[in-house]
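Trainee: Attaching a single structure in structure tokens format; questions to follow.
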Number of protein chains: 2
Amino acid sequence: MQTVSENRAFGGVQGVYTHASDACACDMTFGLFLPEEAKDAPVPVLFYLSGLTCTHENAMTKAGAQGWAAEQGVAVVFPDTSPRGAEVADDESYDLGQGAGFYVNATEMPWARHYRMWDYVAEELPALIGAHFAVDPERQAITGHSMGGHGALTLAMGLPGRYRSVSAFAPIAHPSAAEWGRKQLRAYLGEDETAWRPHDAALTMRDRGLDAPLLVDQGTADPHIDKLRPEALAEAMAACRVDGALRLRKGYDHSYFFVASFMEEHLRFHAEALYA
Amino acid sequence: MQTVSENRAFGGVQGVYTHASDACACDMTFGLFLPEEAKDAPVPVLFYLSGLTCTHENAMTKAGAQGWAAEQGVAVVFPDTSPRGAEVADDESYDLGQGAGFYVNATEMPWARHYRMWDYVAEELPALIGAHFAVDPERQAITGHSMGGHGALTLAMGLPGRYRSVSAFAPIAHPSAAEWGRKQLRAYLGEDETAWRPHDAALTMRDRGLDAPLLVDQGTADPHIDKLRPEALAEAMAACRVDGALRLRKGYDHSYFFVASFMEEHLRFHAEALYA
């Protein structure tokens, strides 16, 4: 693992690191904010999964998470959103290929070799961080924005017992039925839609439920709301009696201004579970 | 004036606007955060001046100011750092020309026609914002980062009575004697160094003092510290008995992570003066 940069921030350190990833079979870069408390003992860790077109950097610089993470004594990991590199399959569109990994293990060509973001986020990255930094792998939480909200929700449902709390900002909630989803799930997982179901939060919630508290924020002025389908998630949450809330935020859109506006509440929500 | 974008943020609105600038003789773009309170009555306003290479956008997305501005009920303006456009003189280096206006009214060719950032920030922009938005031009404060910290300090000293409070993050404090300064002041203002003096915070403080409270933060691990010369400002502040503090922040560098880490304290400092 190599250090790309380390900046002091809010009493802790915002680092950026690269490593050769086994899961993705390429070099991967991630951001990690460690609060001051990590100098003394391992701290709990929140994974923040980003949306389409983002790298590890966007949320790290725009979401305003570090200040609240410092206040709560929580580390935050900012993974990239896909494998990267000249040898990695890609597509001309912004919503498929590099920058658009959708947090699945691809089974189809040409994606299957590198596009294993599920394993990367679920297995490789937590192990790597646990080995190299003062974070406590027994206390993980997960959140994300848009495609990253989809990742947070589906990972949490697919890995019961893993995350102590789950949240999402404007998640792609029902990708099997939406423009953000059908194209990518078909490309990465093939024509058989039964393989998509564990990667559709609104559907898999009905199959598996969710064993951790959940907080979802969605702006009412989000221009992508028809591609996100929050109503399907709201219905599933109510039908499955999930311990959680989906809050509609009047006038907010899909930007990092929306994310930053509610970051304090998400960090407090996760800290309550992580320090319970 | 044209609206480029408006995003709901922290209960208020983060807008971006363009207008034909008289001072700079070109189109100029600025960001403006208006807190929720501006719906009811004009609010006080903080000018945030950015550093070398920045546009209106960098601090608007990375400095984390909006949340604290919302909490304090203060508007924040994010001006650009120079005139812009194909017809505007420029230089190949990052620290002269577009993106590097240094908040002066240039007198030398080829800069004199457009490079009038002093007048733009001091006169044109406050009048424009006062005419179009619910901000109170009687209650202005000013801050900035690096070259913008230089601008904040020199504008405040050059315009006594204008700003109720002044702050800076890692300002270029003594440009007459530093690599960030001599080159630009010579280019914009000519060989006669007496013309530079009102644009050197450490020097002009001895001539004019400062009639508003001052807060300066400087990271000890700032890789540019030799180009900033905080020691000259510290000496002048003490010698002039300025109502203020220069705080050295152990381990912090020159990045927006440094700026964001202390933004809460700067917003509280300004709000105290603006709402006194």
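In the structure tokens, chains take letters A, B, ... by order of appearance, with residues numbered from 1 within each chain and ligands from 1 in the order shown.
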So that I can check the surroundings of Tyr17 in chain B, please list as a VMD selection string every protein, DNA and RNA residue that reaches within 7 Å of it, counting only C-alpha atoms and ignoring chain neighbours fewer than 2 positions away.
Mentor: chain B and resid 1 to 4 15 19 29 to 31
Trainee: Please check the contacts: residues of chain A at most 12 Å away from chain B, using only C-alpha atoms, listed as a PyMOL selection string.
Mentor: chain A and resi 5-15+33+57-71+219-223+249-265
Trainee: For CA of Leu46 in chain B and CA of Pro126 in chain B, determine how far apart the two atoms are, in Å to one decimal place.
Mentor: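 Calculated distance between CA of Leu46 in chain B and CA of Pro126 in chain B is 10.4 Å.
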Trainee: Go through B:Pro79, B:Pro110, B:Ser167, B:Ala89 one by one, measure the shortest atom-to-atom distance of each to Gly144 in chain B using only C-alpha atoms, and give the residue with the smallest value.
Mentor: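 When distances to Gly144 in chain B are compared using only C-alpha atoms, the smallest one comes from B:Ser167.
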Trainee: If we count only C-alpha atoms and set the cut-off at 12 Å, which residues sit around Ile225 in chain B, ignoring sequence neighbours fewer than 3 positions away in its own chain? Please answer as a list in words.
Mentor: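 Selected residues are Ser146, Phe169, Ala170, Pro171, Ile172, Ala173, His174, Ala178, Glu179, Trp180, Gln218, Gly219, Thr220, Ala221, Asp222, Leu228, Arg229, Pro230, Glu231, Ala232, Leu248, Tyr252, Asp253 and His254 of chain B.
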Trainee: With N, CA and C atoms kept, could you save the residues just selected as a PDB file, in the first residue's frame?
Mentor:
```
ATOM      1  N   SER B 146      -5.038  32.284   1.567  1.00  0.00           N
ATOM      2  CA  SER B 146      -3.808  32.446   0.782  1.00  0.00           C
ATOM      3  C   SER B 146      -3.826  33.799   0.058  1.00  0.00           C
ATOM      4  N   PHE B 169      -7.183  32.715   6.303  1.00  0.00           N
ATOM      5  CA  PHE B 169      -6.585  31.395   6.414  1.00  0.00           C
ATOM      6  C   PHE B 169      -5.269  31.438   5.621  1.00  0.00           C
ATOM      7  N   ALA B 170      -4.164  31.257   6.293  1.00  0.00           N
ATOM      8  CA  ALA B 170      -2.846  31.198   5.631  1.00  0.00           C
ATOM      9  C   ALA B 170      -2.673  32.301   4.589  1.00  0.00           C
ATOM     10  N   PRO B 171      -2.822  33.561   5.000  1.00  0.00           N
ATOM     11  CA  PRO B 171      -2.745  34.643   4.016  1.00  0.00           C
ATOM     12  C   PRO B 171      -1.324  34.881   3.518  1.00  0.00           C
ATOM     13  N   ILE B 172      -1.230  35.379   2.288  1.00  0.00           N
ATOM     14  CA  ILE B 172       0.031  35.945   1.804  1.00  0.00           C
ATOM     15  C   ILE B 172       0.176  37.271   2.540  1.00  0.00           C
ATOM     16  N   ALA B 173       1.033  37.291   3.544  1.00  0.00           N
ATOM     17  CA  ALA B 173       0.995  38.373   4.519  1.00  0.00           C
ATOM     18  C   ALA B 173       1.997  39.487   4.230  1.00  0.00           C
ATOM     19  N   HIS B 174       2.997  39.179   3.423  1.00  0.00           N
ATOM     20  CA  HIS B 174       4.066  40.160   3.217  1.00  0.00           C
ATOM     21  C   HIS B 174       4.584  40.027   1.776  1.00  0.00           C
ATOM     22  N   ALA B 178       8.210  38.507  -0.853  1.00  0.00           N
ATOM     23  CA  ALA B 178       8.066  37.059  -1.030  1.00  0.00           C
ATOM     24  C   ALA B 178       7.845  36.688  -2.489  1.00  0.00           C
ATOM     25  N   GLU B 179       8.112  35.409  -2.753  1.00  0.00           N
ATOM     26  CA  GLU B 179       7.942  34.873  -4.102  1.00  0.00           C
ATOM     27  C   GLU B 179       6.493  35.002  -4.560  1.00  0.00           C
ATOM     28  N   TRP B 180       5.528  34.807  -3.635  1.00  0.00           N
ATOM     29  CA  TRP B 180       4.145  35.115  -3.960  1.00  0.00           C
ATOM     30  C   TRP B 180       3.916  36.585  -3.646  1.00  0.00           C
ATOM     31  N   GLN B 218      -2.972  29.806  10.628  1.00  0.00           N
ATOM     32  CA  GLN B 218      -1.848  29.416   9.762  1.00  0.00           C
ATOM     33  C   GLN B 218      -1.366  28.035  10.189  1.00  0.00           C
ATOM     34  N   GLY B 219      -1.332  27.108   9.245  1.00  0.00           N
ATOM     35  CA  GLY B 219      -0.834  25.763   9.550  1.00  0.00           C
ATOM     36  C   GLY B 219       0.679  25.730   9.657  1.00  0.00           C
ATOM     37  N   THR B 220       1.187  24.984  10.627  1.00  0.00           N
ATOM     38  CA  THR B 220       2.641  24.914  10.786  1.00  0.00           C
ATOM     39  C   THR B 220       3.296  24.027   9.729  1.00  0.00           C
ATOM     40  N   ALA B 221       2.514  23.127   9.128  1.00  0.00           N
ATOM     41  CA  ALA B 221       3.074  22.233   8.101  1.00  0.00           C
ATOM     42  C   ALA B 221       2.742  22.742   6.695  1.00  0.00           C
ATOM     43  N   ASP B 222       2.418  23.997   6.576  1.00  0.00           N
ATOM     44  CA  ASP B 222       2.085  24.593   5.277  1.00  0.00           C
ATOM     45  C   ASP B 222       3.340  24.612   4.404  1.00  0.00           C
ATOM     46  N   LEU B 228       4.412  32.949   2.422  1.00  0.00           N
ATOM     47  CA  LEU B 228       3.289  33.615   3.100  1.00  0.00           C
ATOM     48  C   LEU B 228       3.776  34.642   4.123  1.00  0.00           C
ATOM     49  N   ARG B 229       4.853  34.316   4.836  1.00  0.00           N
ATOM     50  CA  ARG B 229       5.473  35.206   5.812  1.00  0.00           C
ATOM     51  C   ARG B 229       4.553  35.595   6.974  1.00  0.00           C
ATOM     52  N   PRO B 230       3.994  34.606   7.639  1.00  0.00           N
ATOM     53  CA  PRO B 230       3.117  34.938   8.771  1.00  0.00           C
ATOM     54  C   PRO B 230       3.841  35.683   9.883  1.00  0.00           C
ATOM     55  N   GLU B 231       5.163  35.467  10.002  1.00  0.00           N
ATOM     56  CA  GLU B 231       5.905  36.122  11.082  1.00  0.00           C
ATOM     57  C   GLU B 231       5.890  37.646  10.923  1.00  0.00           C
ATOM     58  N   ALA B 232       5.862  38.128   9.673  1.00  0.00           N
ATOM     59  CA  ALA B 232       5.794  39.581   9.465  1.00  0.00           C
ATOM     60  C   ALA B 232       4.439  40.130   9.895  1.00  0.00           C
ATOM     61  N   LEU B 248      -1.196  29.601  15.255  1.00  0.00           N
ATOM     62  CA  LEU B 248      -0.432  28.610  14.490  1.00  0.00           C
ATOM     63  C   LEU B 248      -1.003  27.242  14.807  1.00  0.00           C
ATOM     64  N   TYR B 252      -1.122  21.338  10.373  1.00  0.00           N
ATOM     65  CA  TYR B 252      -2.024  21.636   9.244  1.00  0.00           C
ATOM     66  C   TYR B 252      -1.238  22.234   8.083  1.00  0.00           C
ATOM     67  N   ASP B 253      -1.734  21.960   6.855  1.00  0.00           N
ATOM     68  CA  ASP B 253      -1.050  22.415   5.644  1.00  0.00           C
ATOM     69  C   ASP B 253      -1.816  23.567   4.984  1.00  0.00           C
ATOM     70  N   HIS B 254      -1.762  23.662   3.681  1.00  0.00           N
ATOM     71  CA  HIS B 254      -2.339  24.810   2.962  1.00  0.00           C
ATOM     72  C   HIS B 254      -3.656  24.458   2.270  1.00  0.00           C
TER      73      HIS B 254
END
```
Trainee: Between CA of Thr143 in chain B and CA of Ala245 in chain B, what is the distance in Å, rounded to a tenth?
Mentor: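 Value for the CA of Thr143 in chain B-CA of Ala245 in chain B distance: 14.0 Å.
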Trainee: Which residues are close to Pro160 in chain A, i.e. within 10 Å by only C-alpha atoms, leaving aside same-chain residues fewer than 5 positions away? Reply as a PyMOL selection string.
Mentor: chain A and resi 155+208-212
Trainee: Please, could you write that set of residues out with all heavy atoms as a compact mmCIF listing (two decimals), in the first residue's frame?
Mentor:
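What ended up in part-v9.txt:
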```
# COMPACT_ATOMS: atom_id res chain seq x y z
N LEU A 155 -25.50 -4.04 0.06
CA LEU A 155 -24.46 -4.69 0.86
C LEU A 155 -24.97 -5.00 2.26
O LEU A 155 -24.73 -6.09 2.80
CB LEU A 155 -23.20 -3.83 0.91
CG LEU A 155 -22.30 -3.89 -0.34
CD1 LEU A 155 -21.47 -2.63 -0.49
CD2 LEU A 155 -21.37 -5.12 -0.28
N ARG A 208 -35.15 -10.44 2.29
CA ARG A 208 -34.19 -10.64 3.37
C ARG A 208 -34.38 -9.72 4.55
O ARG A 208 -33.78 -9.93 5.60
CB ARG A 208 -32.77 -10.39 2.83
CG ARG A 208 -32.37 -11.31 1.72
CD ARG A 208 -30.97 -11.00 1.26
NE ARG A 208 -30.52 -11.98 0.28
CZ ARG A 208 -29.29 -12.01 -0.23
NH1 ARG A 208 -28.40 -11.13 0.16
NH2 ARG A 208 -28.95 -12.92 -1.11
N GLY A 209 -35.14 -8.66 4.39
CA GLY A 209 -35.24 -7.65 5.44
C GLY A 209 -33.91 -6.96 5.66
O GLY A 209 -32.99 -7.08 4.85
N LEU A 210 -33.83 -6.26 6.77
CA LEU A 210 -32.60 -5.55 7.11
C LEU A 210 -32.47 -5.58 8.62
O LEU A 210 -33.42 -5.25 9.33
CB LEU A 210 -32.70 -4.10 6.60
CG LEU A 210 -31.53 -3.18 6.93
CD1 LEU A 210 -30.23 -3.67 6.28
CD2 LEU A 210 -31.83 -1.75 6.48
N ASP A 211 -31.31 -5.98 9.09
CA ASP A 211 -31.13 -6.20 10.53
C ASP A 211 -30.45 -5.03 11.24
O ASP A 211 -30.00 -5.18 12.38
CB ASP A 211 -30.35 -7.49 10.77
CG ASP A 211 -28.92 -7.40 10.25
OD1 ASP A 211 -28.61 -6.43 9.51
OD2 ASP A 211 -28.12 -8.28 10.58
N ALA A 212 -30.32 -3.89 10.56
CA ALA A 212 -29.67 -2.73 11.17
C ALA A 212 -30.57 -1.51 10.99
O ALA A 212 -31.37 -1.46 10.04
CB ALA A 212 -28.32 -2.48 10.51
```
Trainee: Using CA of Cys24 in chain A and CA of Met109 in chain A as the two end points, give the distance in Å to one decimal.
Mentor: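 Computing the Euclidean distance for CA of Cys24 in chain A and CA of Met109 in chain A yields 14.4 Å.
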Trainee: I need the residues in range 8-252 of chain A that are alpha helix (DSSP H) according to DSSP; give them as a VMD selection string.
Mentor: chain A and resid 57 to 62 65 to 72 117 to 119 125 to 132 147 to 158 182 to 189 201 to 208 225 to 228 230 to 239
Trainee: Give me, as an NGL selection string, all polymer residues having an atom no more than 10 Å from Ser21 in chain B, counting only C-alpha atoms and skipping those fewer than 2 positions away in the same chain.
Mentor: :B and (1 or 18-19 or 23-29 or 83 or 114 or 120 or 124-125 or 128)
Trainee: Any chance you can output those residues with N, CA and C atoms as a JSON list (two decimals), in the first residue's frame?
Mentor:
```
[["chain", "number", "residue", "atom", "x", "y", "z"],
["B", 1, "MET", "N", -27.93, 40.33, -14.85],
["B", 1, "MET", "CA", -27.38, 39.21, -14.10],
["B", 1, "MET", "C", -28.13, 37.93, -14.45],
["B", 18, "THR", "N", -23.83, 35.01, -13.05],
["B", 18, "THR", "CA", -22.88, 35.74, -13.89],
["B", 18, "THR", "C", -23.45, 37.11, -14.21],
["B", 19, "HIS", "N", -22.55, 38.04, -14.47],
["B", 19, "HIS", "CA", -22.98, 39.39, -14.81],
["B", 19, "HIS", "C", -21.86, 40.07, -15.60],
["B", 23, "ALA", "N", -16.25, 46.93, -13.57],
["B", 23, "ALA", "CA", -14.90, 47.07, -13.02],
["B", 23, "ALA", "C", -13.90, 46.27, -13.85],
["B", 24, "CYS", "N", -14.26, 45.03, -14.18],
["B", 24, "CYS", "CA", -13.32, 44.14, -14.86],
["B", 24, "CYS", "C", -13.51, 44.11, -16.38],
["B", 25, "ALA", "N", -14.54, 44.79, -16.87],
["B", 25, "ALA", "CA", -14.78, 44.86, -18.32],
["B", 25, "ALA", "C", -14.83, 43.48, -18.95],
["B", 26, "CYS", "N", -15.50, 42.57, -18.25],
["B", 26, "CYS", "CA", -15.74, 41.22, -18.80],
["B", 26, "CYS", "C", -16.87, 40.60, -17.99],
["B", 27, "ASP", "N", -17.35, 39.46, -18.43],
["B", 27, "ASP", "CA", -18.34, 38.74, -17.63],
["B", 27, "ASP", "C", -17.65, 38.13, -16.41],
["B", 28, "MET", "N", -18.32, 38.22, -15.27],
["B", 28, "MET", "CA", -17.76, 37.66, -14.04],
["B", 28, "MET", "C", -18.81, 36.73, -13.42],
["B", 29, "THR", "N", -18.31, 35.71, -12.75],
["B", 29, "THR", "CA", -19.17, 34.71, -12.11],
["B", 29, "THR", "C", -18.88, 34.70, -10.61],
["B", 83, "PRO", "N", -10.35, 38.63, -13.48],
["B", 83, "PRO", "CA", -11.16, 38.66, -14.70],
["B", 83, "PRO", "C", -10.90, 37.40, -15.52],
["B", 114, "HIS", "N", -8.41, 45.03, -17.56],
["B", 114, "HIS", "CA", -9.38, 44.12, -16.92],
["B", 114, "HIS", "C", -9.08, 43.83, -15.45],
["B", 120, "TYR", "N", -13.66, 45.62, -7.97],
["B", 120, "TYR", "CA", -14.73, 44.63, -8.13],
["B", 120, "TYR", "C", -15.24, 44.14, -6.78],
["B", 124, "GLU", "N", -18.14, 47.06, -6.80],
["B", 124, "GLU", "CA", -19.17, 46.59, -7.73],
["B", 124, "GLU", "C", -19.97, 45.42, -7.17],
["B", 125, "LEU", "N", -19.27, 44.44, -6.63],
["B", 125, "LEU", "CA", -19.97, 43.23, -6.18],
["B", 125, "LEU", "C", -20.88, 43.50, -4.99],
["B", 128, "LEU", "N", -23.97, 45.19, -6.36],
["B", 128, "LEU", "CA", -24.79, 44.25, -7.15],
["B", 128, "LEU", "C", -25.58, 43.31, -6.24]]
```
Trainee: Quick one: everything within 8 Å of Ala271 in chain B, counting only C-alpha atoms, minus sequence neighbours fewer than 6 positions away in the same chain. Send it as a ChimeraX atom specification.
Mentor: /B:72-74
Trainee: Pick out the closest residue to Met117 in chain A from this set: A:Phe269, A:Tyr94, A:Tyr48, A:Phe102. Count only C-alpha atoms.
Mentor: A:Phe102
Trainee: Could you go through range 131-215 of chain B and tell me which residues DSSP, when run on the backbone, assigns to strand (DSSP E or B), listing them as a short mmCIF file (atom, residue, chain, number, x, y, z; two decimals) with all heavy atoms, in the first residue's frame?
Mentor:
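Now in states_2.cif:
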```cif
data_model
loop_
_atom_site.label_atom_id
_atom_site.label_comp_id
_atom_site.auth_asym_id
_atom_site.auth_seq_id
_atom_site.Cartn_x
_atom_site.Cartn_y
_atom_site.Cartn_z
N VAL B 135 -29.45 40.90 1.21
CA VAL B 135 -28.27 41.07 2.07
C VAL B 135 -28.19 42.54 2.48
O VAL B 135 -28.61 43.43 1.75
CB VAL B 135 -26.96 40.63 1.39
CG1 VAL B 135 -27.01 39.17 1.00
CG2 VAL B 135 -26.64 41.51 0.21
N ASP B 136 -27.62 42.76 3.64
CA ASP B 136 -27.56 44.09 4.23
C ASP B 136 -26.16 44.66 4.02
O ASP B 136 -25.21 44.25 4.69
CB ASP B 136 -27.88 43.97 5.73
CG ASP B 136 -27.74 45.31 6.44
OD1 ASP B 136 -27.48 46.33 5.77
OD2 ASP B 136 -27.89 45.32 7.68
N PRO B 137 -25.99 45.61 3.07
CA PRO B 137 -24.65 46.12 2.78
C PRO B 137 -24.03 46.89 3.94
O PRO B 137 -22.82 47.18 3.92
CB PRO B 137 -24.88 47.04 1.57
CG PRO B 137 -26.32 47.34 1.54
CD PRO B 137 -27.03 46.22 2.23
N GLU B 138 -24.82 47.21 4.94
CA GLU B 138 -24.26 47.87 6.12
C GLU B 138 -23.53 46.89 7.04
O GLU B 138 -22.83 47.31 7.96
CB GLU B 138 -25.36 48.57 6.91
CG GLU B 138 -26.06 49.68 6.14
CD GLU B 138 -25.06 50.77 5.72
OE1 GLU B 138 -24.32 51.25 6.58
OE2 GLU B 138 -25.03 51.08 4.50
N ARG B 139 -23.75 45.61 6.81
CA ARG B 139 -23.10 44.61 7.67
C ARG B 139 -22.29 43.64 6.81
O ARG B 139 -22.76 42.58 6.43
CB ARG B 139 -24.14 43.86 8.50
CG ARG B 139 -24.73 44.71 9.63
CD ARG B 139 -25.72 43.92 10.44
NE ARG B 139 -26.93 43.62 9.68
CZ ARG B 139 -27.85 42.72 10.04
NH1 ARG B 139 -27.70 42.03 11.15
NH2 ARG B 139 -28.92 42.52 9.28
N GLN B 140 -21.05 44.05 6.47
CA GLN B 140 -20.14 43.23 5.69
C GLN B 140 -18.97 42.78 6.56
O GLN B 140 -18.50 43.51 7.42
CB GLN B 140 -19.57 44.02 4.49
CG GLN B 140 -20.59 44.42 3.43
CD GLN B 140 -19.94 45.10 2.23
OE1 GLN B 140 -18.86 44.71 1.80
NE2 GLN B 140 -20.60 46.12 1.70
N ALA B 141 -18.52 41.57 6.27
CA ALA B 141 -17.27 41.07 6.85
C ALA B 141 -16.48 40.42 5.72
O ALA B 141 -17.02 40.20 4.64
CB ALA B 141 -17.56 40.05 7.96
N ILE B 142 -15.20 40.14 5.97
CA ILE B 142 -14.38 39.61 4.88
C ILE B 142 -13.38 38.60 5.40
O ILE B 142 -12.84 38.75 6.51
CB ILE B 142 -13.69 40.77 4.10
CG1 ILE B 142 -13.12 40.26 2.75
CG2 ILE B 142 -12.63 41.46 4.95
CD1 ILE B 142 -12.82 41.40 1.77
N THR B 143 -13.18 37.54 4.61
CA THR B 143 -12.18 36.53 4.91
C THR B 143 -11.57 36.05 3.61
O THR B 143 -12.00 36.45 2.52
CB THR B 143 -12.79 35.35 5.70
OG1 THR B 143 -11.75 34.46 6.11
CG2 THR B 143 -13.79 34.58 4.86
N GLY B 144 -10.57 35.21 3.68
CA GLY B 144 -9.99 34.65 2.48
C GLY B 144 -8.86 33.71 2.80
O GLY B 144 -8.39 33.63 3.94
N HIS B 145 -8.42 33.00 1.77
CA HIS B 145 -7.41 31.95 1.91
C HIS B 145 -6.24 32.26 1.00
O HIS B 145 -6.43 32.51 -0.18
CB HIS B 145 -8.05 30.61 1.52
CG HIS B 145 -7.08 29.46 1.45
ND1 HIS B 145 -7.16 28.49 0.47
CD2 HIS B 145 -6.04 29.11 2.24
CE1 HIS B 145 -6.21 27.60 0.67
NE2 HIS B 145 -5.52 27.94 1.72
N TYR B 163 -15.71 46.88 6.90
CA TYR B 163 -15.95 45.51 7.35
C TYR B 163 -15.99 45.46 8.88
O TYR B 163 -15.14 46.02 9.55
CB TYR B 163 -14.86 44.57 6.83
CG TYR B 163 -14.75 44.60 5.32
CD1 TYR B 163 -13.68 45.27 4.68
CD2 TYR B 163 -15.70 44.00 4.51
CE1 TYR B 163 -13.58 45.30 3.30
CE2 TYR B 163 -15.62 44.03 3.13
CZ TYR B 163 -14.55 44.69 2.53
OH TYR B 163 -14.46 44.74 1.16
N ARG B 164 -16.97 44.76 9.39
CA ARG B 164 -17.10 44.67 10.85
C ARG B 164 -16.13 43.68 11.46
O ARG B 164 -15.89 43.71 12.67
CB ARG B 164 -18.54 44.29 11.21
CG ARG B 164 -19.52 45.35 10.75
CD ARG B 164 -20.74 45.36 11.62
NE ARG B 164 -21.68 46.36 11.16
CZ ARG B 164 -22.89 46.53 11.69
NH1 ARG B 164 -23.28 45.73 12.68
NH2 ARG B 164 -23.69 47.47 11.24
N SER B 165 -15.61 42.77 10.64
CA SER B 165 -14.62 41.80 11.12
C SER B 165 -13.85 41.28 9.92
O SER B 165 -14.33 41.32 8.78
CB SER B 165 -15.31 40.64 11.86
OG SER B 165 -16.39 40.13 11.09
N VAL B 166 -12.64 40.80 10.19
CA VAL B 166 -11.72 40.37 9.15
C VAL B 166 -11.06 39.08 9.61
O VAL B 166 -10.65 38.97 10.76
CB VAL B 166 -10.61 41.42 8.92
CG1 VAL B 166 -9.76 41.05 7.71
CG2 VAL B 166 -11.19 42.81 8.80
N SER B 167 -10.95 38.12 8.68
CA SER B 167 -10.17 36.93 9.05
C SER B 167 -9.44 36.42 7.82
O SER B 167 -9.68 36.86 6.69
CB SER B 167 -11.07 35.84 9.67
OG SER B 167 -11.79 35.13 8.70
N ALA B 168 -8.53 35.50 8.06
CA ALA B 168 -7.76 34.95 6.95
C ALA B 168 -7.24 33.57 7.32
O ALA B 168 -6.91 33.30 8.48
CB ALA B 168 -6.59 35.86 6.60
N PHE B 169 -7.18 32.71 6.30
CA PHE B 169 -6.59 31.40 6.41
C PHE B 169 -5.27 31.44 5.62
O PHE B 169 -5.28 31.64 4.40
CB PHE B 169 -7.49 30.33 5.80
CG PHE B 169 -8.86 30.23 6.41
CD1 PHE B 169 -9.91 31.04 5.96
CD2 PHE B 169 -9.11 29.34 7.44
CE1 PHE B 169 -11.18 30.93 6.52
CE2 PHE B 169 -10.38 29.22 7.99
CZ PHE B 169 -11.42 30.03 7.53
N LEU B 214 -9.67 40.94 14.15
CA LEU B 214 -8.96 40.11 13.17
C LEU B 214 -8.68 38.71 13.73
O LEU B 214 -8.25 38.59 14.87
CB LEU B 214 -7.63 40.79 12.80
CG LEU B 214 -6.66 40.01 11.90
CD1 LEU B 214 -7.26 39.73 10.54
CD2 LEU B 214 -5.34 40.79 11.76
N LEU B 215 -8.91 37.71 12.90
CA LEU B 215 -8.58 36.33 13.25
C LEU B 215 -7.81 35.70 12.09
O LEU B 215 -8.30 35.69 10.96
CB LEU B 215 -9.86 35.53 13.51
CG LEU B 215 -9.69 34.04 13.79
CD1 LEU B 215 -8.89 33.79 15.06
CD2 LEU B 215 -11.06 33.35 13.88
#
```
Trainee: Could you give me, as a ChimeraX atom specification, the residues within 12 Å of Ser93 in chain B, counting only C-alpha atoms and dropping anything in the same chain fewer than 4 positions from it?
Mentor: /B:52-53,97-100,183-184
Trainee: Taking only C-alpha atoms into account, which of B:Leu32, B:Val77, B:Met157, B:Glu235 comes nearest Pro213 in chain B?
Mentor: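 Closest residue, counting only C-alpha atoms: B:Met157.
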Trainee: Using only C-alpha atoms, which of B:Gly190, B:His266, B:Leu203, B:Ala273 sits nearest Ala239 in chain B?
Mentor: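 Once distances to Ala239 in chain B are computed over only C-alpha atoms, the minimum belongs to B:Leu203.
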